[in-house]
Amino acid sequence: MTLLSTAQHFARSSRRNPRTHLVPIAVGSGLAAVAIALVAYLLWPTWRTDPARGPGRLPVQVGGTIFNVPAAAIRRKVQRHSGPQERVDLSLIFPSLQPPEAPKHVSADTVEEQPQPIDRIFVSIAAHHDTLAPDMRVRTIYPRYLGQTSMLVADGLTMRAFKDGSPYGGEDMFTASDPALTARCTRDAATPGMCLSERRIEGADLTFRFPRSWLSQWRDVAGAMERLAAQMYGKRS
């Protein structure tokens with residue numbers, strides 16, 4: 001009788017408050033949600049990608065030739081991926097040949113206070129598509145426009161000026177043999193002169209650009225370009 005009386009009392013209470021039966025459902029749903037959250041927490045992967053140490057290198061294919069380039073040295077974000085590319089542009093610190101640090105934010109008020117250091121050597125790797133090789137251009141094209149007079153400007157380094165009115169007017173050609181160096185350089189004017197030195201590796205041409213003032217240490221520059229080419233291309237066996 002007591003059980004029947006209790007049941008009748010609960011039924012009357014339920015009829016008086018229809019929401020009473022929702023309480024156990026809500027409690028059960030809350031417990032289920034907590035259980036799901038706990039399981040998800042325990043199963044969630046805890047591994048993280050470690051930041052790359054050192055410059056890190058990307059294998060890129062330019063003109064069908066594979067180069068391993070320092071990823072942090074790539075100047076254009078769109079080029080920072082492995083695989084075939086038409087061209088890759090790099091910037092490295094001289095003489096360490098390490099990628100430069102990420103540029104700091106410069107506002108309009110501080111731009112004049114942040115002069116750009118002239119310590120970069122720029123390298124472009126581009127598919128040549130069977131154009132005239134750089135060494136052939138030095139032997140067959142440039143001599144047509146060079147003046148007759150040559151000048152020894154440093155131990156082992158010779159300079160010849162291009163003729164005025166030629167396609168290379170206002171530039172000078174620097175050559176050396178030990179170590180080998182060939183560079184075409186603009187002259188100092190409103191902006192410092194810059195030098196361009198090229199070499200071909202299989203299906204790609206490497207173009208190095210550096211300040212003309214570095215020719216005072218031309219052997220170090222020639223060695224740096226040779227090391228860069230070896231690091232990125234290396235020897236295939």
# chains A, B, ... in the order shown; residues from 1 in each chain; ligands from 1
>>> residues_around(residues="region 59-67 of chain A", least_positions_apart="5", cutoff="9 Å", atoms="only C-alpha atoms", output="list in words")
His81, Ser82, Gly83, Pro84, Gln85, Glu86, Arg87, Val88, Ile125, Ala126, Ala127, His128, His129, Ile201, Glu202, Gly203, Ala204, Asp205, Gln231, Met232, Tyr233 and Gly234 of chain A
>>> write_last_selection(atoms="N, CA and C atoms", output="PDB file, in the first residue's frame")
ATOM      1  N   HIS A  81      58.117  26.499 -52.009  1.00  0.00           N
ATOM      2  CA  HIS A  81      57.557  25.155 -52.077  1.00  0.00           C
ATOM      3  C   HIS A  81      58.502  24.288 -52.896  1.00  0.00           C
ATOM      4  N   SER A  82      58.458  23.003 -52.638  1.00  0.00           N
ATOM      5  CA  SER A  82      59.302  22.075 -53.385  1.00  0.00           C
ATOM      6  C   SER A  82      58.643  21.737 -54.714  1.00  0.00           C
ATOM      7  N   GLY A  83      59.428  21.102 -55.589  1.00  0.00           N
ATOM      8  CA  GLY A  83      58.892  20.694 -56.874  1.00  0.00           C
ATOM      9  C   GLY A  83      59.326  21.609 -58.001  1.00  0.00           C
ATOM     10  N   PRO A  84      58.760  21.410 -59.206  1.00  0.00           N
ATOM     11  CA  PRO A  84      59.160  22.197 -60.383  1.00  0.00           C
ATOM     12  C   PRO A  84      58.809  23.680 -60.227  1.00  0.00           C
ATOM     13  N   GLN A  85      59.738  24.532 -60.633  1.00  0.00           N
ATOM     14  CA  GLN A  85      59.522  25.972 -60.656  1.00  0.00           C
ATOM     15  C   GLN A  85      60.256  26.561 -61.857  1.00  0.00           C
ATOM     16  N   GLU A  86      59.752  27.665 -62.339  1.00  0.00           N
ATOM     17  CA  GLU A  86      60.399  28.350 -63.449  1.00  0.00           C
ATOM     18  C   GLU A  86      61.582  29.182 -62.965  1.00  0.00           C
ATOM     19  N   ARG A  87      61.489  29.674 -61.731  1.00  0.00           N
ATOM     20  CA  ARG A  87      62.521  30.565 -61.207  1.00  0.00           C
ATOM     21  C   ARG A  87      62.433  30.593 -59.685  1.00  0.00           C
ATOM     22  N   VAL A  88      63.595  30.725 -59.045  1.00  0.00           N
ATOM     23  CA  VAL A  88      63.661  30.873 -57.591  1.00  0.00           C
ATOM     24  C   VAL A  88      64.645  31.992 -57.281  1.00  0.00           C
ATOM     25  N   ILE A 125      67.839  31.579 -59.704  1.00  0.00           N
ATOM     26  CA  ILE A 125      67.970  30.329 -60.453  1.00  0.00           C
ATOM     27  C   ILE A 125      66.803  30.272 -61.416  1.00  0.00           C
ATOM     28  N   ALA A 126      67.091  30.285 -62.713  1.00  0.00           N
ATOM     29  CA  ALA A 126      66.019  30.340 -63.720  1.00  0.00           C
ATOM     30  C   ALA A 126      66.302  29.366 -64.849  1.00  0.00           C
ATOM     31  N   ALA A 127      65.248  28.772 -65.383  1.00  0.00           N
ATOM     32  CA  ALA A 127      65.381  27.880 -66.551  1.00  0.00           C
ATOM     33  C   ALA A 127      65.865  28.691 -67.749  1.00  0.00           C
ATOM     34  N   HIS A 128      66.868  28.169 -68.469  1.00  0.00           N
ATOM     35  CA  HIS A 128      67.433  28.965 -69.564  1.00  0.00           C
ATOM     36  C   HIS A 128      66.759  28.719 -70.918  1.00  0.00           C
ATOM     37  N   HIS A 129      66.050  27.608 -71.059  1.00  0.00           N
ATOM     38  CA  HIS A 129      65.320  27.311 -72.296  1.00  0.00           C
ATOM     39  C   HIS A 129      66.231  27.406 -73.535  1.00  0.00           C
ATOM     40  N   ILE A 201      74.221  25.697 -64.983  1.00  0.00           N
ATOM     41  CA  ILE A 201      74.270  24.356 -64.416  1.00  0.00           C
ATOM     42  C   ILE A 201      73.123  23.557 -65.033  1.00  0.00           C
ATOM     43  N   GLU A 202      73.463  22.667 -65.933  1.00  0.00           N
ATOM     44  CA  GLU A 202      72.479  21.835 -66.642  1.00  0.00           C
ATOM     45  C   GLU A 202      71.384  22.714 -67.254  1.00  0.00           C
ATOM     46  N   GLY A 203      70.136  22.553 -66.809  1.00  0.00           N
ATOM     47  CA  GLY A 203      69.028  23.261 -67.441  1.00  0.00           C
ATOM     48  C   GLY A 203      68.712  24.616 -66.846  1.00  0.00           C
ATOM     49  N   ALA A 204      69.562  25.118 -65.952  1.00  0.00           N
ATOM     50  CA  ALA A 204      69.269  26.392 -65.290  1.00  0.00           C
ATOM     51  C   ALA A 204      70.489  27.311 -65.323  1.00  0.00           C
ATOM     52  N   ASP A 205      70.214  28.615 -65.295  1.00  0.00           N
ATOM     53  CA  ASP A 205      71.260  29.631 -65.169  1.00  0.00           C
ATOM     54  C   ASP A 205      71.187  30.244 -63.786  1.00  0.00           C
ATOM     55  N   GLN A 231      76.740  24.078 -52.703  1.00  0.00           N
ATOM     56  CA  GLN A 231      75.789  23.729 -51.658  1.00  0.00           C
ATOM     57  C   GLN A 231      74.406  23.430 -52.230  1.00  0.00           C
ATOM     58  N   MET A 232      74.002  24.188 -53.219  1.00  0.00           N
ATOM     59  CA  MET A 232      72.649  24.028 -53.759  1.00  0.00           C
ATOM     60  C   MET A 232      72.560  22.919 -54.801  1.00  0.00           C
ATOM     61  N   TYR A 233      73.624  22.736 -55.552  1.00  0.00           N
ATOM     62  CA  TYR A 233      73.609  21.728 -56.612  1.00  0.00           C
ATOM     63  C   TYR A 233      74.388  20.493 -56.195  1.00  0.00           C
ATOM     64  N   GLY A 234      75.572  20.686 -55.654  1.00  0.00           N
ATOM     65  CA  GLY A 234      76.378  19.576 -55.190  1.00  0.00           C
ATOM     66  C   GLY A 234      76.887  18.723 -56.322  1.00  0.00           C
TER      67      GLY A 234
END
>>> residues_around(residues="Ser197 (chain A)", least_positions_apart="5", cutoff="7 Å", atoms="only C-alpha atoms", output="compact mmCIF listing (two decimals) with N, CA, C and O atoms, in the first residue's frame")
# COMPACT_ATOMS: atom_id res chain seq x y z
N THR A 182 83.96 36.33 -63.50
CA THR A 182 83.52 37.21 -64.58
C THR A 182 82.29 37.94 -64.07
O THR A 182 81.31 37.31 -63.66
N ALA A 183 82.35 39.27 -64.09
CA ALA A 183 81.24 40.06 -63.57
C ALA A 183 81.05 41.32 -64.41
O ALA A 183 82.03 41.97 -64.78
N ARG A 184 79.82 41.62 -64.72
CA ARG A 184 79.46 42.85 -65.42
C ARG A 184 78.85 43.79 -64.39
O ARG A 184 77.88 43.44 -63.70
N THR A 207 72.27 33.40 -61.53
CA THR A 207 72.69 34.79 -61.65
C THR A 207 72.95 35.33 -60.25
O THR A 207 72.04 35.37 -59.41
N PHE A 208 74.19 35.75 -60.00
CA PHE A 208 74.58 36.31 -58.70
C PHE A 208 74.65 37.83 -58.84
O PHE A 208 75.21 38.35 -59.81
N ARG A 209 74.11 38.55 -57.86
CA ARG A 209 74.18 40.01 -57.84
C ARG A 209 74.75 40.46 -56.50
O ARG A 209 74.32 39.97 -55.45
>>> atom_distance(atom1="CA of Arg187 (chain A)", atom2="CA of Arg144 (chain A)")
19.8 Å
>>> residues_around(residues="region 139-142 of chain A", least_positions_apart="2", cutoff="10 Å", atoms="only C-alpha atoms", output="PDB file with N, CA and C atoms, in the first residue's frame")
ATOM      1  N   LEU A 132      71.521  31.424 -75.166  1.00  0.00           N
ATOM      2  CA  LEU A 132      72.974  31.420 -75.216  1.00  0.00           C
ATOM      3  C   LEU A 132      73.556  31.330 -73.806  1.00  0.00           C
ATOM      4  N   PRO A 134      75.969  31.686 -70.541  1.00  0.00           N
ATOM      5  CA  PRO A 134      76.721  32.848 -70.062  1.00  0.00           C
ATOM      6  C   PRO A 134      78.176  32.872 -70.519  1.00  0.00           C
ATOM      7  N   ASP A 135      78.867  31.731 -70.503  1.00  0.00           N
ATOM      8  CA  ASP A 135      80.274  31.733 -70.912  1.00  0.00           C
ATOM      9  C   ASP A 135      80.417  32.020 -72.404  1.00  0.00           C
ATOM     10  N   MET A 136      79.440  31.567 -73.202  1.00  0.00           N
ATOM     11  CA  MET A 136      79.470  31.886 -74.622  1.00  0.00           C
ATOM     12  C   MET A 136      79.201  33.377 -74.856  1.00  0.00           C
ATOM     13  N   ARG A 137      78.339  33.962 -74.059  1.00  0.00           N
ATOM     14  CA  ARG A 137      78.071  35.395 -74.184  1.00  0.00           C
ATOM     15  C   ARG A 137      79.331  36.209 -73.885  1.00  0.00           C
ATOM     16  N   ARG A 144      82.386  42.478 -78.585  1.00  0.00           N
ATOM     17  CA  ARG A 144      81.996  43.430 -79.626  1.00  0.00           C
ATOM     18  C   ARG A 144      81.783  44.832 -79.059  1.00  0.00           C
ATOM     19  N   TYR A 145      81.458  44.899 -77.777  1.00  0.00           N
ATOM     20  CA  TYR A 145      81.087  46.187 -77.181  1.00  0.00           C
ATOM     21  C   TYR A 145      82.110  46.687 -76.163  1.00  0.00           C
ATOM     22  N   LEU A 146      83.180  45.943 -75.948  1.00  0.00           N
ATOM     23  CA  LEU A 146      84.185  46.347 -74.975  1.00  0.00           C
ATOM     24  C   LEU A 146      85.237  47.258 -75.618  1.00  0.00           C
ATOM     25  N   PHE A 162      82.830  49.044 -71.122  1.00  0.00           N
ATOM     26  CA  PHE A 162      82.013  48.904 -72.326  1.00  0.00           C
ATOM     27  C   PHE A 162      81.947  50.255 -73.036  1.00  0.00           C
ATOM     28  N   PRO A 167      74.880  48.544 -75.978  1.00  0.00           N
ATOM     29  CA  PRO A 167      73.813  48.074 -75.077  1.00  0.00           C
ATOM     30  C   PRO A 167      74.245  48.008 -73.621  1.00  0.00           C
ATOM     31  N   TYR A 168      75.570  47.998 -73.379  1.00  0.00           N
ATOM     32  CA  TYR A 168      76.075  47.910 -72.009  1.00  0.00           C
ATOM     33  C   TYR A 168      76.808  49.186 -71.612  1.00  0.00           C
ATOM     34  N   MET A 173      83.410  45.481 -67.352  1.00  0.00           N
ATOM     35  CA  MET A 173      83.571  44.037 -67.248  1.00  0.00           C
ATOM     36  C   MET A 173      84.813  43.730 -66.417  1.00  0.00           C
ATOM     37  N   ARG A 184      79.818  41.618 -64.722  1.00  0.00           N
ATOM     38  CA  ARG A 184      79.460  42.851 -65.420  1.00  0.00           C
ATOM     39  C   ARG A 184      78.854  43.792 -64.387  1.00  0.00           C
TER      40      ARG A 184
END
>>> atom_distance(atom1="CA of Leu206 (chain A)", atom2="CA of Ala229 (chain A)")
8.2 Å
>>> residues_around(residues="Pro70 (chain A)", least_positions_apart="3", cutoff="8 Å", atoms="only C-alpha atoms", output="list of chain:residue names")
A:Pro55, A:Gly56, A:Arg57, A:Leu58, A:Ala73, A:Ile74, A:Pro99
>>> write_last_selection(atoms="all heavy atoms", output="JSON list (two decimals), in the first residue's frame")
[["chain", "number", "residue", "atom", "x", "y", "z"],
["A", 55, "PRO", "N", 68.55, 26.60, -41.33],
["A", 55, "PRO", "CA", 67.82, 27.22, -42.42],
["A", 55, "PRO", "C", 66.79, 26.30, -43.05],
["A", 55, "PRO", "O", 65.78, 26.77, -43.55],
["A", 55, "PRO", "CB", 68.93, 27.58, -43.42],
["A", 55, "PRO", "CG", 70.04, 26.62, -43.12],
["A", 55, "PRO", "CD", 69.96, 26.38, -41.64],
["A", 56, "GLY", "N", 67.02, 24.98, -43.04],
["A", 56, "GLY", "CA", 66.11, 24.07, -43.71],
["A", 56, "GLY", "C", 66.25, 24.22, -45.22],
["A", 56, "GLY", "O", 66.43, 25.32, -45.72],
["A", 57, "ARG", "N", 66.17, 23.14, -45.94],
["A", 57, "ARG", "CA", 66.35, 23.19, -47.40],
["A", 57, "ARG", "C", 65.17, 22.58, -48.12],
["A", 57, "ARG", "O", 64.57, 21.62, -47.63],
["A", 57, "ARG", "CB", 67.64, 22.49, -47.80],
["A", 57, "ARG", "CG", 68.88, 23.26, -47.34],
["A", 57, "ARG", "CD", 70.18, 22.67, -47.86],
["A", 57, "ARG", "NE", 71.28, 23.54, -47.53],
["A", 57, "ARG", "CZ", 71.73, 24.53, -48.30],
["A", 57, "ARG", "NH1", 71.18, 24.72, -49.48],
["A", 57, "ARG", "NH2", 72.72, 25.31, -47.93],
["A", 58, "LEU", "N", 64.86, 23.17, -49.27],
["A", 58, "LEU", "CA", 63.77, 22.68, -50.11],
["A", 58, "LEU", "C", 64.34, 22.17, -51.42],
["A", 58, "LEU", "O", 65.14, 22.86, -52.06],
["A", 58, "LEU", "CB", 62.79, 23.80, -50.41],
["A", 58, "LEU", "CG", 61.82, 24.23, -49.30],
["A", 58, "LEU", "CD1", 61.00, 25.42, -49.78],
["A", 58, "LEU", "CD2", 60.90, 23.08, -48.91],
["A", 73, "ALA", "N", 65.91, 31.58, -47.18],
["A", 73, "ALA", "CA", 66.56, 32.57, -48.06],
["A", 73, "ALA", "C", 65.71, 32.93, -49.26],
["A", 73, "ALA", "O", 66.03, 33.87, -49.99],
["A", 73, "ALA", "CB", 67.92, 32.04, -48.53],
["A", 74, "ILE", "N", 64.60, 32.21, -49.50],
["A", 74, "ILE", "CA", 63.76, 32.48, -50.66],
["A", 74, "ILE", "C", 63.05, 33.81, -50.46],
["A", 74, "ILE", "O", 62.40, 34.04, -49.44],
["A", 74, "ILE", "CB", 62.74, 31.35, -50.87],
["A", 74, "ILE", "CG1", 63.48, 30.03, -51.13],
["A", 74, "ILE", "CG2", 61.81, 31.67, -52.03],
["A", 74, "ILE", "CD1", 62.57, 28.83, -51.26],
["A", 99, "PRO", "N", 70.85, 32.57, -44.42],
["A", 99, "PRO", "CA", 69.65, 33.35, -44.74],
["A", 99, "PRO", "C", 69.51, 34.53, -43.79],
["A", 99, "PRO", "O", 69.85, 34.40, -42.60],
["A", 99, "PRO", "CB", 68.50, 32.35, -44.56],
["A", 99, "PRO", "CG", 69.15, 31.01, -44.68],
["A", 99, "PRO", "CD", 70.53, 31.16, -44.12]]
>>> residues_around(residues="Gln148 (chain A)", least_positions_apart="5", cutoff="10 Å", atoms="only C-alpha atoms", output="VMD selection string")
chain A and resid 143 160 to 163
>>> select_by_dssp(residues="region 106-222 of chain A", states="strand (DSSP E or B)", output="PyMOL selection string")
chain A and resi 120-127+146-154+157-162+171-177+180-186+194-201+204-211
>>> residues_around(residues="Ile118 (chain A)", least_positions_apart="4", cutoff="10 Å", atoms="only C-alpha atoms", output="list in words")
Ile93, Phe94, Pro192, Phe210, Pro211, Ser213 and Trp214 of chain A
>>> closest_residue(among="A:Ala71, A:Ile121, A:Leu157, A:Cys185", to="Ser91 (chain A)", atoms="only C-alpha atoms")
A:Ile121
>>> closest_residue(among="A:Ala133, A:Cys195, A:Ala176, A:Leu92", to="Ala154 (chain A)", atoms="only C-alpha atoms")
A:Ala176
>>> residues_around(residues="Glu226 (chain A)", least_positions_apart="6", cutoff="10 Å", atoms="only C-alpha atoms", output="list in words")
Pro179, Ala180, Leu181 and Asp220 of chain A
